[in-house]
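**Student:** Following this message is one structure expressed as C-alpha cells.
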Amino acid sequence: MKKEEKTSKNEEKSPAKAGGEIYWIFGVMLAIIAISLIGFFLINQTGSIEYEGLTFEKEMLGNISFYKHTYLTEKVVRATFQVIRTGEATAVEVVMRNDPRNLKGIPVRGKIEYLPLENPVYITIDSSPGLLCEYSPIAMHELSAFLIQNGYMVKAGVSDELTAEEQNLDYITCEDLPDRMVISYKTGDSPSIVREGNCYTITVADCNILAPTEKFIIQSLVDAR
C-alpha cells in the first residue's frame, strides 16, 4: 500500500480514539479551528509598530502583550470540497505573542509561496519531546487560524510512522506529498525556516516553538506583497 493512500485511510478514522501527548497538541489545534479568536476583543490598544512594511498594533490583555496585524483578502467558501470565490473582501486578523522585530534574527531560506486554495496545507511534527512544549497548542492555533482565515483547508499529522499508527494519527512527510504544501516541524540547535520544493521545515530550539511559527506567518505576509 502506498503511504499516500495510508494517509487517506487514516483521515477516515475518528481522532477521538487517539491518545498520547502528540494528540494533545493536535486535539487542541482542531478544537480551536472550530472557534473564533475569542478574548482578543478584550485587549486594550497601546500603540503600533512597523516591520517590513507591515503595521502591527501592540495591545495588552492584562500583563500579556499581543501584536495584531489586520489585512483584507478575498472571501471564499467551500462546498462539496470545492472552493468558491465570492468576490467579497474579508478581514484577516493575525494575532501573535512576539514583537515581530524580535524575530528578525530567525533565518528564512527560500520564499514562502502558497499553492492554489484547492490544495490543503499539511502540518506535521516529529515525535521529539522537544516539540511537546508548553506553547505548542498556541503555536498550532496561530498557524492553523492564519491558514484557515486565508481560505485553506488544514490537515495535521506526524512524521513518525510508528507514532502515527500507535496514536491513530495521519502519517505525513514532505517526501510522500511533494506536490502539496507541507509545513514540517523538527528540533535543532537554533530556530530557522528552510524551503525545499513545497516543503517548509520549521526548526524549533529550546522548546521555543512560538518564535519560528510566528516568523513563518510574518514572512508569509512579507513574501506575498
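If you're wondering about the labels, chains in the C-alpha cells are A, B, ... by order shown, residues count from 1 in each chain, ligands from 1 in order shown.
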I need the residues of region 15-202 of chain A that end up classed as alpha helix (DSSP H) by DSSP on the backbone, written out as an NGL selection string.
**Tutor:** :A and (21-33 or 136-149 or 161-167)
**Student:** If you count only C-alpha atoms, which residues fall within 6 Å of Tyr171 (chain A), apart from same-chain ones fewer than 6 positions away, as a list in words?
**Tutor:** Thr7, Gly157, Val158, Ser159, Glu161 and Ala164 of chain A
**Student:** Please save C-alpha atoms of the selected residues as a short mmCIF file (atom, residue, chain, number, x, y, z; two decimals), in the first residue's frame.
**Tutor:**
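Here's the written file result13.cif:
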data_model
loop_
_atom_site.label_atom_id
_atom_site.label_comp_id
_atom_site.auth_asym_id
_atom_site.auth_seq_id
_atom_site.Cartn_x
_atom_site.Cartn_y
_atom_site.Cartn_z
CA THR A 7 -2.78 8.96 4.75
CA GLY A 157 -0.32 14.64 11.36
CA VAL A 158 3.05 13.32 12.49
CA SER A 159 6.18 12.44 10.54
CA GLU A 161 5.17 6.28 11.11
CA ALA A 164 1.07 7.64 13.72
#
**Student:** Taking into account only C-alpha atoms, which residue in the set A:Cys207, A:Leu221, A:Leu54, A:Ile49 is nearest to Cys133 (chain A)?
**Tutor:** A:Cys207
**Student:** Any idea what's packed within 12 Å of Lys75 (chain A), counting only C-alpha atoms, ignoring anything in its chain fewer than 6 positions away? Could you give it as a VMD selection string?
**Tutor:** chain A and resid 83 to 92 117 148 to 152
**Student:** For Ser65 (chain A), please output as a list in words all residues within 9 Å (counting only C-alpha atoms; exclusion window: fewer than 5 positions along the same chain).
**Tutor:** Lys58, Glu59, Met60, Met96, Arg97, Asn98 and Asp99 of chain A
**Student:** Report the residues of region 34-148 of chain A whose backbone DSSP state falls under strand (DSSP E), written as a ChimeraX atom specification.
**Tutor:** /A:44-51,54-61,64-79,82-96,108-109,121-125
**Student:** Figure out the distance between CA of Met181 (chain A) and CA of Asp126 (chain A), please, to one decimal in Å.
**Tutor:**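 For CA of Asp126 (chain A) relative to CA of Met181 (chain A), the distance reads 16.8 Å.
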**Student:** If we count only C-alpha atoms and set the cut-off at 9 Å, which residues sit around Met153 (chain A), ignoring sequence neighbours fewer than 3 positions away in its own chain? Please answer as a list in words.
**Tutor:**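 My list of contacting residues is Leu117, Glu118, Asn119, Pro120, Val121, Tyr122, Ser144, Leu147 and Ile148 of chain A.
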**Student:** My list of candidates is A:Ile217, A:Ile138, A:Leu72, A:Ala205. Which is closest to Ile183 (chain A) when distances are computed with only C-alpha atoms?
**Tutor:**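 Ranked by minimum distance to Ile183 (chain A), first place goes to A:Ile217.
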**Student:** As an exercise, work out the distance from CA of Pro116 (chain A) to CA of Phe146 (chain A) in Å and give it to one decimal place.
**Tutor:** 15.6 Å
**Student:** For Leu132 (chain A), which residue out of A:Ala145, A:Ile202, A:Tyr185, A:Pro212 is the nearest one, using only C-alpha atoms?
**Tutor:**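 Using only C-alpha atoms, the shortest distance to Leu132 (chain A) belongs to A:Tyr185.
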**Student:** In Å, how far is it from CA of Lys68 (chain A) to CA of Ile218 (chain A)?
**Tutor:**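 Pair CA of Lys68 (chain A) / CA of Ile218 (chain A) returns 11.0 Å.
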**Student:** Find the residues near Pro178 (chain A): any atom within 12 Å, counting only C-alpha atoms, skip ones fewer than 6 places away on the same chain, and give them as a PyMOL selection string.
**Tutor:** chain A and resi 4+115+121-122+172+196-200
**Student:** Could you check which of A:Thr73, A:Glu57, A:Ile209, A:Val94 is closest to Glu142 (chain A), using only C-alpha atoms?
**Tutor:**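 When distances to Glu142 (chain A) are compared using only C-alpha atoms, the smallest one comes from A:Val94.
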**Student:** Compare A:Leu177, A:Val108, A:Val77, A:Val222 by their minimum atom-to-atom distance to Thr201 (chain A), counting only C-alpha atoms, and give me the closest one.
**Tutor:**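 Distance minimum relative to Thr201 (chain A) lands on A:Val108.
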